[in-house]
Each structure stands twice: as C-alpha cells, then as structure tokens.
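Data block for data-v4.cif (mmCIF, C-alpha atoms and all ligand atoms):
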```
data_coords
#
loop_
_atom_site.label_atom_id
_atom_site.label_comp_id
_atom_site.auth_asym_id
_atom_site.auth_seq_id
_atom_site.Cartn_x
_atom_site.Cartn_y
_atom_site.Cartn_z
CA MET Y 15 -54.19 -138.53 -116.62
CA SER Y 16 -57.86 -137.92 -116.90
CA ILE Y 17 -60.51 -135.29 -116.80
CA VAL Y 18 -62.03 -134.82 -113.37
CA ILE Y 19 -65.46 -133.30 -113.14
CA VAL Y 20 -66.74 -132.27 -109.76
CA GLY Y 21 -70.49 -132.53 -109.54
CA ALA Y 22 -72.84 -134.91 -111.36
CA GLY Y 23 -75.48 -132.34 -112.25
CA PHE Y 24 -76.27 -131.00 -115.70
CA SER Y 25 -72.97 -129.11 -116.11
CA GLY Y 26 -70.84 -132.09 -115.19
CA ALA Y 27 -72.85 -134.58 -117.22
CA VAL Y 28 -72.92 -132.51 -120.41
CA ILE Y 29 -69.21 -131.66 -120.29
CA GLY Y 30 -68.29 -135.20 -119.31
CA ARG Y 31 -70.28 -136.71 -122.14
CA ARG Y 32 -68.80 -134.45 -124.79
CA LEU Y 33 -65.25 -135.13 -123.65
CA ALA Y 34 -65.93 -138.85 -123.34
CA ASP Y 35 -67.27 -138.85 -126.89
CA ALA Y 36 -64.01 -137.15 -127.93
CA GLY Y 37 -62.02 -140.00 -126.40
CA TYR Y 38 -61.08 -138.64 -122.97
CA ARG Y 39 -61.33 -140.70 -119.80
CA VAL Y 40 -63.63 -138.83 -117.47
CA ASP Y 41 -64.12 -139.24 -113.72
CA VAL Y 42 -67.24 -137.55 -112.39
CA LEU Y 43 -67.17 -137.09 -108.62
CA ASP Y 44 -70.10 -136.22 -106.44
CA SER Y 45 -70.09 -135.93 -102.68
CA ARG Y 46 -73.74 -136.98 -102.52
CA ASP Y 47 -75.03 -140.52 -102.88
CA HIS Y 48 -76.85 -139.82 -106.14
CA ILE Y 49 -76.35 -138.15 -109.50
CA ALA Y 50 -78.30 -135.20 -110.94
CA GLY Y 51 -77.44 -132.66 -108.22
CA ASN Y 52 -80.40 -130.56 -107.18
CA CYS Y 53 -82.38 -131.80 -110.19
CA HIS Y 54 -82.43 -135.27 -108.63
CA THR Y 55 -85.76 -137.07 -108.86
CA HIS Y 56 -86.78 -140.41 -107.40
CA ARG Y 57 -89.93 -142.45 -107.18
CA CYS Y 58 -91.51 -142.53 -103.72
CA PRO Y 59 -91.59 -146.25 -102.86
CA ASP Y 60 -94.95 -145.97 -101.05
CA THR Y 61 -96.97 -143.91 -103.52
CA GLY Y 62 -95.08 -144.39 -106.81
CA VAL Y 63 -95.03 -140.61 -107.28
CA MET Y 64 -91.96 -139.12 -109.00
CA VAL Y 65 -90.54 -136.72 -106.43
CA HIS Y 66 -88.41 -133.68 -107.27
CA ALA Y 67 -86.23 -134.21 -104.22
CA TYR Y 68 -84.70 -130.70 -104.17
CA GLY Y 69 -87.73 -128.77 -105.32
CA PRO Y 70 -89.59 -128.40 -108.59
CA HIS Y 71 -87.73 -128.45 -111.90
CA ILE Y 72 -89.61 -127.61 -115.06
CA PHE Y 73 -87.56 -127.62 -118.20
CA HIS Y 74 -88.16 -124.63 -120.46
CA THR Y 75 -86.03 -123.19 -123.19
CA ASP Y 76 -85.83 -121.24 -126.42
CA ILE Y 77 -82.47 -122.74 -127.28
CA GLN Y 78 -83.06 -125.25 -130.05
CA LYS Y 79 -79.80 -127.14 -129.62
CA VAL Y 80 -80.41 -127.56 -125.89
CA TRP Y 81 -83.91 -128.91 -126.50
CA ASP Y 82 -82.56 -131.27 -129.18
CA TYR Y 83 -79.85 -132.38 -126.77
CA VAL Y 84 -82.05 -133.23 -123.79
CA THR Y 85 -84.74 -134.86 -125.89
CA GLY Y 86 -82.01 -136.97 -127.48
CA PHE Y 87 -81.29 -138.53 -124.08
CA ALA Y 88 -84.78 -138.97 -122.65
CA GLU Y 89 -88.42 -138.74 -123.59
CA PHE Y 90 -89.95 -135.45 -122.51
CA MET Y 91 -93.64 -135.04 -121.77
CA PRO Y 92 -95.43 -131.77 -122.43
CA TYR Y 93 -95.82 -129.72 -119.27
CA ARG Y 94 -97.21 -126.25 -118.72
CA ASN Y 95 -96.25 -124.55 -115.48
CA GLN Y 96 -99.36 -122.88 -114.08
CA VAL Y 97 -98.59 -121.49 -110.66
CA LYS Y 98 -101.14 -120.23 -108.14
CA SER Y 99 -100.60 -117.93 -105.19
CA THR Y 100 -102.56 -117.79 -101.96
CA VAL Y 101 -102.66 -114.23 -100.61
CA GLY Y 102 -104.94 -113.33 -97.73
CA ASP Y 103 -108.14 -115.29 -98.19
CA ALA Y 104 -107.95 -115.67 -101.96
CA VAL Y 105 -106.16 -117.79 -104.54
CA TYR Y 106 -104.78 -115.98 -107.58
CA SER Y 107 -103.20 -116.94 -110.85
CA LEU Y 108 -99.52 -116.30 -111.55
CA PRO Y 109 -97.58 -114.87 -113.26
CA ILE Y 110 -99.55 -111.65 -112.81
CA ASN Y 111 -101.96 -111.67 -115.75
CA LEU Y 112 -105.32 -110.20 -116.66
CA HIS Y 113 -107.14 -112.67 -114.44
CA THR Y 114 -104.95 -111.74 -111.47
CA ILE Y 115 -105.41 -108.02 -112.08
CA ASN Y 116 -109.18 -108.24 -112.51
CA GLN Y 117 -109.61 -110.48 -109.48
CA PHE Y 118 -107.31 -108.42 -107.29
CA PHE Y 119 -108.89 -105.05 -108.12
CA GLY Y 120 -112.46 -106.37 -108.57
CA LYS Y 121 -112.55 -105.25 -112.23
CA THR Y 122 -113.57 -106.62 -115.61
CA PHE Y 123 -110.82 -104.94 -117.63
CA ARG Y 124 -109.96 -105.86 -121.17
CA PRO Y 125 -106.23 -105.95 -121.99
CA ASP Y 126 -105.81 -102.30 -122.99
CA GLU Y 127 -107.87 -101.10 -120.04
CA ALA Y 128 -105.79 -103.15 -117.62
CA ARG Y 129 -102.56 -101.88 -119.13
CA ALA Y 130 -103.75 -98.27 -118.89
CA PHE Y 131 -105.00 -98.81 -115.34
CA ILE Y 132 -101.70 -100.27 -114.13
CA GLU Y 133 -99.63 -97.65 -115.92
CA SER Y 134 -101.67 -94.63 -114.82
CA THR Y 135 -102.82 -95.58 -111.32
CA GLN Y 136 -100.35 -98.19 -110.03
CA ALA Y 137 -96.91 -98.12 -111.63
CA ASP Y 138 -94.33 -95.66 -110.34
CA THR Y 139 -93.32 -94.09 -113.64
CA SER Y 140 -90.79 -91.85 -111.92
CA ILE Y 141 -88.51 -94.91 -111.75
CA THR Y 142 -86.79 -94.89 -115.12
CA ASP Y 143 -83.97 -97.35 -114.58
CA PRO Y 144 -84.96 -99.86 -111.87
CA GLN Y 145 -81.93 -101.22 -110.04
CA SER Y 146 -83.38 -103.24 -107.17
CA PHE Y 147 -86.07 -105.88 -107.07
CA GLU Y 148 -88.35 -103.41 -105.29
CA GLU Y 149 -87.85 -100.66 -107.86
CA GLN Y 150 -88.52 -103.11 -110.66
CA ALA Y 151 -91.79 -104.18 -108.99
CA LEU Y 152 -92.94 -100.64 -108.20
CA ARG Y 153 -92.18 -99.54 -111.74
CA PHE Y 154 -94.08 -102.33 -113.44
CA VAL Y 155 -96.95 -103.35 -111.13
CA GLY Y 156 -97.07 -100.69 -108.41
CA PRO Y 157 -97.26 -101.01 -104.62
CA ALA Y 158 -100.52 -102.97 -104.17
CA LEU Y 159 -99.62 -105.93 -106.37
CA TYR Y 160 -96.01 -105.75 -105.19
CA GLU Y 161 -96.98 -106.02 -101.52
CA ALA Y 162 -99.45 -108.83 -102.17
CA PHE Y 163 -97.47 -111.09 -104.46
CA PHE Y 164 -93.80 -110.19 -104.26
CA LYS Y 165 -92.73 -108.44 -101.08
CA GLY Y 166 -93.56 -111.10 -98.49
CA TYR Y 167 -92.63 -114.00 -100.74
CA THR Y 168 -89.30 -112.43 -101.64
CA GLU Y 169 -88.42 -111.60 -98.04
CA LYS Y 170 -89.09 -115.23 -97.13
CA GLN Y 171 -87.27 -116.59 -100.15
CA TRP Y 172 -84.17 -114.42 -99.96
CA GLY Y 173 -84.04 -113.44 -96.27
CA CYS Y 174 -83.45 -109.79 -97.02
CA ALA Y 175 -85.27 -106.68 -98.12
CA PRO Y 176 -86.20 -106.53 -101.83
CA THR Y 177 -84.37 -103.18 -101.91
CA GLU Y 178 -81.11 -105.15 -101.49
CA LEU Y 179 -81.80 -107.61 -104.32
CA PRO Y 180 -81.06 -107.05 -108.00
CA ALA Y 181 -83.92 -106.24 -110.39
CA SER Y 182 -82.86 -109.25 -112.48
CA ILE Y 183 -84.57 -111.65 -110.06
CA LEU Y 184 -88.00 -110.17 -110.77
CA LYS Y 185 -87.26 -109.91 -114.49
CA ARG Y 186 -87.53 -113.71 -114.51
CA LEU Y 187 -91.30 -113.31 -114.26
CA PRO Y 188 -93.52 -111.94 -117.02
CA LEU Y 189 -96.40 -109.48 -116.52
CA ARG Y 190 -99.27 -110.20 -118.88
CA PHE Y 191 -102.33 -108.26 -119.96
CA ASN Y 192 -104.13 -111.33 -121.25
CA TYR Y 193 -105.33 -114.60 -119.69
CA ASN Y 194 -102.21 -116.58 -120.54
CA ASP Y 195 -101.16 -118.16 -117.25
CA ASN Y 196 -98.18 -120.06 -118.61
CA TYR Y 197 -95.43 -119.23 -116.09
CA PHE Y 198 -92.82 -119.42 -118.83
CA ALA Y 199 -92.76 -117.78 -122.22
CA HIS Y 200 -90.31 -120.18 -123.85
CA LYS Y 201 -90.95 -122.15 -127.01
CA TYR Y 202 -90.24 -125.53 -125.40
CA GLN Y 203 -91.45 -126.72 -122.02
CA GLY Y 204 -91.57 -130.22 -120.61
CA ILE Y 205 -90.50 -132.70 -117.96
CA PRO Y 206 -88.56 -135.90 -118.61
CA LYS Y 207 -91.01 -138.79 -118.43
CA GLU Y 208 -88.80 -140.87 -116.15
CA GLY Y 209 -87.36 -137.94 -114.23
CA TYR Y 210 -84.15 -135.93 -114.28
CA THR Y 211 -82.01 -138.60 -112.65
CA ASN Y 212 -82.84 -140.94 -115.50
CA LEU Y 213 -82.03 -138.20 -118.05
CA ILE Y 214 -78.70 -137.30 -116.47
CA GLY Y 215 -77.91 -140.99 -115.97
CA ASN Y 216 -78.38 -141.49 -119.71
CA ILE Y 217 -76.04 -138.59 -120.47
CA LEU Y 218 -73.41 -140.07 -118.16
CA ASP Y 219 -73.83 -143.57 -119.54
CA HIS Y 220 -70.65 -143.87 -121.59
CA PRO Y 221 -67.78 -146.36 -121.42
CA ASN Y 222 -65.27 -143.52 -120.92
CA ILE Y 223 -67.12 -142.08 -117.91
CA ASP Y 224 -66.75 -143.34 -114.35
CA VAL Y 225 -69.09 -141.85 -111.79
CA HIS Y 226 -67.90 -141.84 -108.18
CA LEU Y 227 -70.63 -141.11 -105.65
CA ASN Y 228 -70.00 -140.20 -102.00
CA THR Y 229 -66.66 -138.86 -103.22
CA PRO Y 230 -65.62 -135.32 -102.31
CA PHE Y 231 -62.87 -133.77 -104.43
CA SER Y 232 -59.44 -134.10 -102.83
CA ASN Y 233 -55.83 -133.16 -103.51
CA ALA Y 234 -55.27 -136.69 -104.75
CA HIS Y 235 -57.85 -136.14 -107.49
CA ALA Y 236 -56.33 -132.77 -108.30
CA SER Y 237 -52.85 -134.21 -108.76
CA ARG Y 238 -54.06 -136.95 -111.10
CA ALA Y 239 -56.25 -134.67 -113.19
CA ASP Y 240 -55.32 -133.34 -116.56
CA HIS Y 241 -58.06 -130.77 -116.17
CA VAL Y 242 -60.77 -130.15 -113.58
CA PHE Y 243 -64.28 -128.88 -114.23
CA TRP Y 244 -65.67 -127.60 -110.95
CA SER Y 245 -69.43 -127.24 -110.54
CA GLY Y 246 -69.36 -126.93 -106.74
CA PRO Y 247 -69.63 -123.57 -104.99
CA LEU Y 248 -67.12 -121.03 -106.30
CA ASP Y 249 -65.99 -119.94 -102.84
CA GLY Y 250 -65.92 -123.59 -101.67
CA TYR Y 251 -63.19 -124.41 -104.18
CA PHE Y 252 -60.94 -121.86 -102.48
CA GLY Y 253 -61.82 -123.05 -98.98
CA GLU Y 254 -63.83 -119.84 -98.53
CA LYS Y 255 -60.57 -118.16 -97.65
CA LEU Y 256 -61.82 -114.65 -98.44
CA GLY Y 257 -65.13 -115.27 -96.67
CA ARG Y 258 -68.33 -117.00 -97.67
CA LEU Y 259 -70.58 -115.93 -100.50
CA GLY Y 260 -74.24 -115.90 -99.53
CA TYR Y 261 -76.49 -118.76 -100.63
CA ARG Y 262 -80.00 -119.74 -99.66
CA THR Y 263 -80.81 -123.30 -98.79
CA LEU Y 264 -84.21 -124.96 -98.62
CA ASP Y 265 -85.88 -127.22 -96.07
CA PHE Y 266 -88.72 -129.43 -97.21
CA GLU Y 267 -91.45 -130.62 -94.87
CA ARG Y 268 -92.80 -133.69 -96.61
CA PHE Y 269 -96.31 -134.96 -96.12
CA THR Y 270 -98.51 -137.47 -97.88
CA SER Y 271 -102.23 -137.71 -98.30
CA ASP Y 272 -104.87 -139.53 -100.27
CA GLY Y 273 -106.28 -138.11 -103.48
CA ASP Y 274 -105.49 -134.57 -104.52
CA TRP Y 275 -104.15 -132.24 -101.82
CA GLN Y 276 -104.16 -128.83 -103.52
CA GLY Y 277 -105.26 -129.42 -107.10
CA CYS Y 278 -102.08 -128.04 -108.69
CA ALA Y 279 -98.33 -128.60 -108.72
CA VAL Y 280 -97.21 -125.31 -107.17
CA MET Y 281 -99.09 -123.11 -104.72
CA ASN Y 282 -97.13 -120.04 -103.61
CA TYR Y 283 -97.87 -118.23 -100.38
CA GLY Y 284 -97.39 -114.49 -100.65
CA ASP Y 285 -98.23 -113.57 -97.06
CA PRO Y 286 -95.24 -112.86 -94.82
CA ASP Y 287 -96.84 -114.55 -91.79
CA VAL Y 288 -97.02 -117.93 -93.56
CA PRO Y 289 -93.52 -119.29 -92.86
CA TYR Y 290 -93.13 -121.33 -96.03
CA THR Y 291 -92.86 -119.94 -99.55
CA ARG Y 292 -94.76 -122.62 -101.42
CA ILE Y 293 -96.25 -126.11 -101.37
CA THR Y 294 -95.43 -128.42 -104.23
CA GLU Y 295 -97.54 -131.48 -104.99
CA HIS Y 296 -95.31 -133.75 -106.96
CA LYS Y 297 -97.72 -135.95 -108.85
CA HIS Y 298 -98.98 -132.87 -110.65
CA PHE Y 299 -95.54 -132.53 -112.26
CA ALA Y 300 -96.37 -135.80 -114.06
CA PRO Y 301 -99.96 -135.29 -115.25
CA TRP Y 302 -99.52 -138.26 -117.61
CA GLU Y 303 -99.33 -140.55 -114.57
CA SER Y 304 -102.11 -141.57 -112.23
CA HIS Y 305 -101.69 -142.10 -108.48
CA ASP Y 306 -104.21 -142.59 -105.69
CA SER Y 307 -101.98 -141.05 -103.04
CA THR Y 308 -100.01 -137.84 -103.13
CA VAL Y 309 -96.66 -136.46 -101.92
CA CYS Y 310 -96.31 -132.78 -101.02
CA TYR Y 311 -93.43 -130.60 -99.85
CA ARG Y 312 -93.80 -127.46 -97.79
CA GLU Y 313 -90.79 -125.39 -98.84
CA TYR Y 314 -88.91 -123.17 -96.40
CA SER Y 315 -85.98 -121.00 -97.37
CA ARG Y 316 -83.17 -119.98 -95.02
CA ALA Y 317 -79.54 -118.87 -94.96
CA CYS Y 318 -77.22 -121.63 -96.09
CA GLY Y 319 -74.93 -122.84 -93.29
CA ALA Y 320 -71.58 -124.56 -93.74
CA ASP Y 321 -73.10 -128.06 -93.85
CA ASP Y 322 -76.19 -127.22 -95.89
CA ILE Y 323 -76.79 -127.73 -99.58
CA PRO Y 324 -76.64 -124.41 -101.43
CA TYR Y 325 -79.52 -123.73 -103.83
CA TYR Y 326 -79.64 -120.07 -104.72
CA PRO Y 327 -76.71 -117.63 -105.00
CA ILE Y 328 -77.98 -114.40 -103.42
CA ARG Y 329 -75.72 -111.88 -105.19
CA LEU Y 330 -76.43 -109.04 -102.81
CA VAL Y 331 -75.29 -105.72 -104.16
CA GLU Y 332 -72.79 -105.43 -101.28
CA GLU Y 333 -71.30 -108.85 -102.07
CA LYS Y 334 -70.07 -107.70 -105.44
CA ALA Y 335 -66.53 -106.93 -104.28
CA LEU Y 336 -66.07 -110.35 -102.69
CA LEU Y 337 -67.52 -112.04 -105.75
CA SER Y 338 -65.15 -110.13 -108.04
CA GLN Y 339 -62.19 -111.32 -105.97
CA TYR Y 340 -63.29 -114.94 -106.23
CA GLU Y 341 -63.94 -114.52 -109.94
CA ALA Y 342 -60.43 -113.18 -110.41
CA MET Y 343 -59.00 -116.13 -108.48
CA ALA Y 344 -61.06 -118.55 -110.58
CA GLN Y 345 -59.78 -116.91 -113.75
CA ALA Y 346 -56.19 -117.27 -112.58
CA GLU Y 347 -56.55 -120.91 -111.49
CA GLU Y 348 -54.74 -123.03 -114.05
CA GLY Y 349 -56.24 -126.29 -115.18
CA VAL Y 350 -59.65 -125.62 -113.64
CA THR Y 351 -62.84 -124.43 -115.29
CA PHE Y 352 -65.65 -123.18 -113.07
CA VAL Y 353 -69.09 -124.10 -114.36
CA GLY Y 354 -72.78 -124.05 -113.54
CA ARG Y 355 -75.01 -122.28 -111.04
CA LEU Y 356 -72.74 -122.78 -108.04
CA GLY Y 357 -69.40 -122.72 -109.82
CA THR Y 358 -70.11 -119.33 -111.36
CA TYR Y 359 -72.42 -118.08 -108.59
CA ARG Y 360 -75.26 -117.12 -110.91
CA TYR Y 361 -79.01 -117.83 -110.81
CA LEU Y 362 -78.93 -120.03 -113.92
CA ASP Y 363 -81.80 -122.09 -115.27
CA MET Y 364 -81.20 -125.62 -116.48
CA ASP Y 365 -81.21 -124.74 -120.16
CA VAL Y 366 -78.61 -121.99 -119.82
CA THR Y 367 -76.51 -124.29 -117.66
CA ILE Y 368 -76.55 -126.89 -120.43
CA ALA Y 369 -75.82 -124.35 -123.17
CA GLU Y 370 -72.84 -123.03 -121.21
CA ALA Y 371 -71.60 -126.55 -120.49
CA MET Y 372 -71.63 -127.27 -124.22
CA VAL Y 373 -69.52 -124.17 -124.83
CA HIS Y 374 -67.07 -125.12 -122.06
CA ALA Y 375 -66.60 -128.55 -123.60
CA GLU Y 376 -66.04 -127.15 -127.09
CA THR Y 377 -63.63 -124.53 -125.80
CA PHE Y 378 -61.63 -127.24 -124.05
CA LEU Y 379 -61.57 -129.41 -127.16
CA SER Y 380 -60.59 -126.55 -129.43
CA ARG Y 381 -57.60 -125.86 -127.17
CA ARG Y 382 -56.60 -129.42 -126.44
CA GLY Y 383 -57.97 -131.41 -129.32
CA THR Y 384 -59.61 -134.78 -129.00
CA ALA Y 385 -57.85 -137.37 -126.85
CA ALA Y 386 -56.60 -139.17 -129.94
CA SER Y 387 -55.25 -136.07 -131.70
N1 LIG Y 401 -91.49 -114.26 -106.61
C1 LIG Y 401 -92.37 -113.66 -105.75
N2 LIG Y 401 -93.61 -114.20 -105.58
C2 LIG Y 401 -94.00 -115.32 -106.22
C3 LIG Y 401 -93.10 -115.95 -107.11
C4 LIG Y 401 -91.84 -115.40 -107.28
O1 LIG Y 401 -92.03 -112.66 -105.13
O2 LIG Y 401 -95.14 -115.76 -106.00
C5 LIG Y 401 -90.14 -113.66 -106.76
C6 LIG Y 401 -89.17 -114.26 -105.75
O3 LIG Y 401 -88.26 -113.27 -105.34
C7 LIG Y 401 -88.50 -115.33 -106.56
C8 LIG Y 401 -88.38 -114.66 -107.92
O4 LIG Y 401 -89.61 -113.94 -108.04
O5 LIG Y 401 -87.25 -115.68 -106.03
C9 LIG Y 401 -88.20 -115.60 -109.08
O6 LIG Y 401 -89.26 -116.53 -109.10
P1 LIG Y 401 -89.12 -117.96 -109.75
O7 LIG Y 401 -90.47 -118.57 -109.81
O8 LIG Y 401 -88.34 -117.85 -110.99
O9 LIG Y 401 -88.25 -118.72 -108.63
P2 LIG Y 401 -87.70 -120.25 -108.53
O10 LIG Y 401 -88.79 -121.18 -109.00
O11 LIG Y 401 -86.43 -120.28 -109.34
O12 LIG Y 401 -87.43 -120.40 -107.05
#
```
Just give me the structure as structure tokens.
Ligand code: UDP
Amino acid sequence: MSIVIVGAGFSGAVIGRRLADAGYRVDVLDSRDHIAGNCHTHRCPDTGVMVHAYGPHIFHTDIQKVWDYVTGFAEFMPYRNQVKSTVGDAVYSLPINLHTINQFFGKTFRPDEARAFIESTQADTSITDPQSFEEQALRFVGPALYEAFFKGYTEKQWGCAPTELPASILKRLPLRFNYNDNYFAHKYQGIPKEGYTNLIGNILDHPNIDVHLNTPFSNAHASRADHVFWSGPLDGYFGEKLGRLGYRTLDFERFTSDGDWQGCAVMNYGDPDVPYTRITEHKHFAPWESHDSTVCYREYSRACGADDIPYYPIRLVEEKALLSQYEAMAQAEEGVTFVGRLGTYRYLDMDVTIAEAMVHAETFLSRRGTAAS
C-alpha cells in the first residue's frame, strides 16, 4: 500500500515530500510529460531564456514558513513585479498608483489630493458592500479608471461580464496613492534562479518518492492506494457527473525576436478590441541573466474545453450550487483529500497552495502517524 498523489505541482510535491520524510512510500502521478504543473519552466534551447511555459509565475508571500520552505529547496533571486498596461495610445503603470492617476487624469496630485479626488469625484460611495467585481471597481476607482484598466481586460480574461464575477478577484490588486508600483505588497518576492521545475524537482527528490509522468490516475491506482491526494480538477475526479465547473484556459502565441521586445516582463492590454490580455517577455523574469534574443508570449484566455488544460476556476455566482454539491461529494469521499487550485476550485496563489499542502500533510500524519509508528 502506498500514498498516491495525483498531480506533480506544488500541492503534490509538498505533501509527497512530507509523507516521504515520515517514511511513507509515495507515488506521484501526472498525466503530463513534465513535473511542476502550470508552474513548469524550461529553458528555450535556441535562446537560453527560461520560459514560464504556462504563463508568468512570480513568487510572493507573507508566510514565513512558506518562504523558508521554498528557499530551502532552491535559490531564489530577488524579483519585483512591475506591470504596465497599454490602454488606448498610452502606457500606464499598474497596479493603479499615483503615477497612473496623474497620467490618466492629466494632474500633478500629491497623495492626499489624489485620494480626495478619487473619493469625491470618481468613486461610487453609494456602494457600501461591493459584491461583484464591477461594484468593487466602481466603489474604489470609479467608472473612468474601471473602464480603462479593468472592464475590457476582465471581460477578455474571464469571458463574462464583471457584474457576474466576485469582488474577491479585484481585491487581489492594490490601489495606491503613492508611486510604489510593486504589483504585490508581500514581504517576500522572488523567482527561483533555475526555475520552478528545478525547485519542484528538488522537493520531489527523495528515495521514497516515485514520479510517474504521462500517467493518468486509474482505478488500478485507486485500489492500490492507502490514501489519495487529488490535485486535479474537483469535478474531474467525479467524472463531471453533475456537470462541468467553469474554468478558463489560456492559449499562448509564442514569438521570438532579437534584443528587447517590450522593455518589461508583463504588458497588459486593457482595450477590449485587442484580443489578447497581455504579452509576457520571459527573459525579464530573470533580470540576473543576460540574453541577446528574446521569447515572448501573447496570452489569450478562453473557455476551457474538455481536452484543454484548466488554469483559472471561474466561480460564477450562479455556479455556487453545483460547486457546493461537488464539495459535499469530496467531503464524503473516503480515503481521498482534495488539494490545490484545481482540487478545491479556488483561485489560489502558490504560497497559499504550499501552506495548505503543509497542513494537509500534517493532518494526515496526525491521524495516521508516521509510516513506522
Ligand atoms: N485585472 C484587470 N486589468 C489588469 C490586471 C488585472 O482587469 O490590467 C483584473 C482581471 O480580472 C484579473 C484580476 O484583476 O483576472 C486579477 O489580476 P492578477 O494580476 O492577479 O491576475 P493573474 O496574474 O493571476 O492572471
């Protein structure tokens, strides 16, 4: 009997490692031909650039034990995410900060003036408890900034009206009345020097762990398993028998060039008539490296079909009932723990995923003891 972990991303690796350290034999299965899930990175053989194959991943956290954990398995390089957005015929700084506000409104506000301006002339203060993405935006930045930076981008990214999306999605982004253009406000921020695949490979590198690539989970695995940790899609585990939960998938249009294509790692496109959401230029995620050529991805978001890779759980308000049913089924499923962004159908960042995986492993061990006990 062994532990079977489905998915070789952060959840699977962290749980697998902890249980392997406690003496369990662990089989980690992944249906893809590589580890690290959607965090997978690889070096482009032509340019030498480290490519974030499934889109940009910047590690940021306030959780000390998570930072200690990841930096214990790989060297992290300092990285500051500074995102730009092209809207109309101008390039602005994100997240919305004093520079964005002054440029957008043609002003020279100081912080208090900008705050008063937004609050008295832009924000819809009649919204006291914003429920949807749109209400959250109208309450905090008002219609002009909302339409420029959020409405078009969000419609492209999520394929639905921002009135249908939860306010929590926009709460990911800060609004600043100073010139701080750090996209994240966390204490720690960085990118593993040799990429995420190297990091996750190091976590999985243990004599008690066997990784099986190109290996979908099957009944045979289930019958041999003492316990299963499932980090695949929640509805996928149940064969989608109640219907499919909504996910977004991404398509990347890759192109290469000489020199520096856009001068930054991430350029968002707020306008609805530009079909892609953003262009990422991968060598800028490794500013400590130097490359003559460059690799860029134009990123397009669309509804996730049956054979596509899911990236983002949508969590539409109207999907709540279906989600609750799947959650109840997951709760009742004996011998299986559902983990991670897809397994719990939540828009989790890497650090929270790791923190939760640590808890799952400890919970398991506290119930079952170490393999030797
Ligand atoms: N968003 C937006 N305009 C932007 C950047 C983000 O409207 O220029 C919205 C969009 O709905 C997005 C959400 O804010 O899904 C969260 O953004 P974040 O950068 O956290 O998205 P991620 O990098 O996880 O795709």
> Interatomic distance between CA of Leu179 in chain Y and CA of Lys334 in chain Y?
Replying inline: 11.8 Å
> Can you find the residues with an atom no farther than 12 Å from (-87.0, -110.6, -93.2), counting only C-alpha atoms, and report them as a PyMOL selection string?
Replying inline: chain Y and resi 165-178+286-287+289+315-317
>> What does the list of residues within 9 Å of ligand LIG 401 (chain Y) look like if you count all atoms listed in the file, written as a PyMOL selection string?
In response: chain Y and resi 69-72+97-100+108-109+147+160+162-172+176+179+182-187+197+281-284+291-292+326+361-363
Just write the chosen residues, C-alpha atoms, as an mmCIF file, in the coordinates of the input.
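The result, stored in part-v1.cif:
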```
data_model
loop_
_atom_site.group_PDB
_atom_site.id
_atom_site.type_symbol
_atom_site.label_atom_id
_atom_site.label_comp_id
_atom_site.auth_asym_id
_atom_site.auth_seq_id
_atom_site.Cartn_x
_atom_site.Cartn_y
_atom_site.Cartn_z
ATOM 1 C CA GLY Y 69 -87.730 -128.770 -105.320
ATOM 2 C CA PRO Y 70 -89.590 -128.400 -108.590
ATOM 3 C CA HIS Y 71 -87.730 -128.450 -111.900
ATOM 4 C CA ILE Y 72 -89.610 -127.610 -115.060
ATOM 5 C CA VAL Y 97 -98.590 -121.490 -110.660
ATOM 6 C CA LYS Y 98 -101.140 -120.230 -108.140
ATOM 7 C CA SER Y 99 -100.600 -117.930 -105.190
ATOM 8 C CA THR Y 100 -102.560 -117.790 -101.960
ATOM 9 C CA LEU Y 108 -99.520 -116.300 -111.550
ATOM 10 C CA PRO Y 109 -97.580 -114.870 -113.260
ATOM 11 C CA PHE Y 147 -86.070 -105.880 -107.070
ATOM 12 C CA TYR Y 160 -96.010 -105.750 -105.190
ATOM 13 C CA ALA Y 162 -99.450 -108.830 -102.170
ATOM 14 C CA PHE Y 163 -97.470 -111.090 -104.460
ATOM 15 C CA PHE Y 164 -93.800 -110.190 -104.260
ATOM 16 C CA LYS Y 165 -92.730 -108.440 -101.080
ATOM 17 C CA GLY Y 166 -93.560 -111.100 -98.490
ATOM 18 C CA TYR Y 167 -92.630 -114.000 -100.740
ATOM 19 C CA THR Y 168 -89.300 -112.430 -101.640
ATOM 20 C CA GLU Y 169 -88.420 -111.600 -98.040
ATOM 21 C CA LYS Y 170 -89.090 -115.230 -97.130
ATOM 22 C CA GLN Y 171 -87.270 -116.590 -100.150
ATOM 23 C CA TRP Y 172 -84.170 -114.420 -99.960
ATOM 24 C CA PRO Y 176 -86.200 -106.530 -101.830
ATOM 25 C CA LEU Y 179 -81.800 -107.610 -104.320
ATOM 26 C CA SER Y 182 -82.860 -109.250 -112.480
ATOM 27 C CA ILE Y 183 -84.570 -111.650 -110.060
ATOM 28 C CA LEU Y 184 -88.000 -110.170 -110.770
ATOM 29 C CA LYS Y 185 -87.260 -109.910 -114.490
ATOM 30 C CA ARG Y 186 -87.530 -113.710 -114.510
ATOM 31 C CA LEU Y 187 -91.300 -113.310 -114.260
ATOM 32 C CA TYR Y 197 -95.430 -119.230 -116.090
ATOM 33 C CA MET Y 281 -99.090 -123.110 -104.720
ATOM 34 C CA ASN Y 282 -97.130 -120.040 -103.610
ATOM 35 C CA TYR Y 283 -97.870 -118.230 -100.380
ATOM 36 C CA GLY Y 284 -97.390 -114.490 -100.650
ATOM 37 C CA THR Y 291 -92.860 -119.940 -99.550
ATOM 38 C CA ARG Y 292 -94.760 -122.620 -101.420
ATOM 39 C CA TYR Y 326 -79.640 -120.070 -104.720
ATOM 40 C CA TYR Y 361 -79.010 -117.830 -110.810
ATOM 41 C CA LEU Y 362 -78.930 -120.030 -113.920
ATOM 42 C CA ASP Y 363 -81.800 -122.090 -115.270
#
```
>> Considering only C-alpha atoms, can you say which of Y:Asp274, Y:Asp265, Y:Asp82, Y:Glu295 comes closest to Pro324 in chain Y?
In response: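 With only C-alpha atoms as the atom set, the closest residue is Y:Asp265.
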>> Using all atoms listed in the file, can you tell me which of Y:Pro327, Y:Gly204, Y:Pro144, Y:Gly354 comes closest to Tyr93 in chain Y?
In response: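 Closest residue, counting all atoms listed in the file: Y:Gly204.
If only C-alpha atoms are the atoms counted, then among Y:Phe123, Y:Tyr210, Y:Trp275, Y:Phe243 the closest residue to Val42 in chain Y is Y:Phe243.
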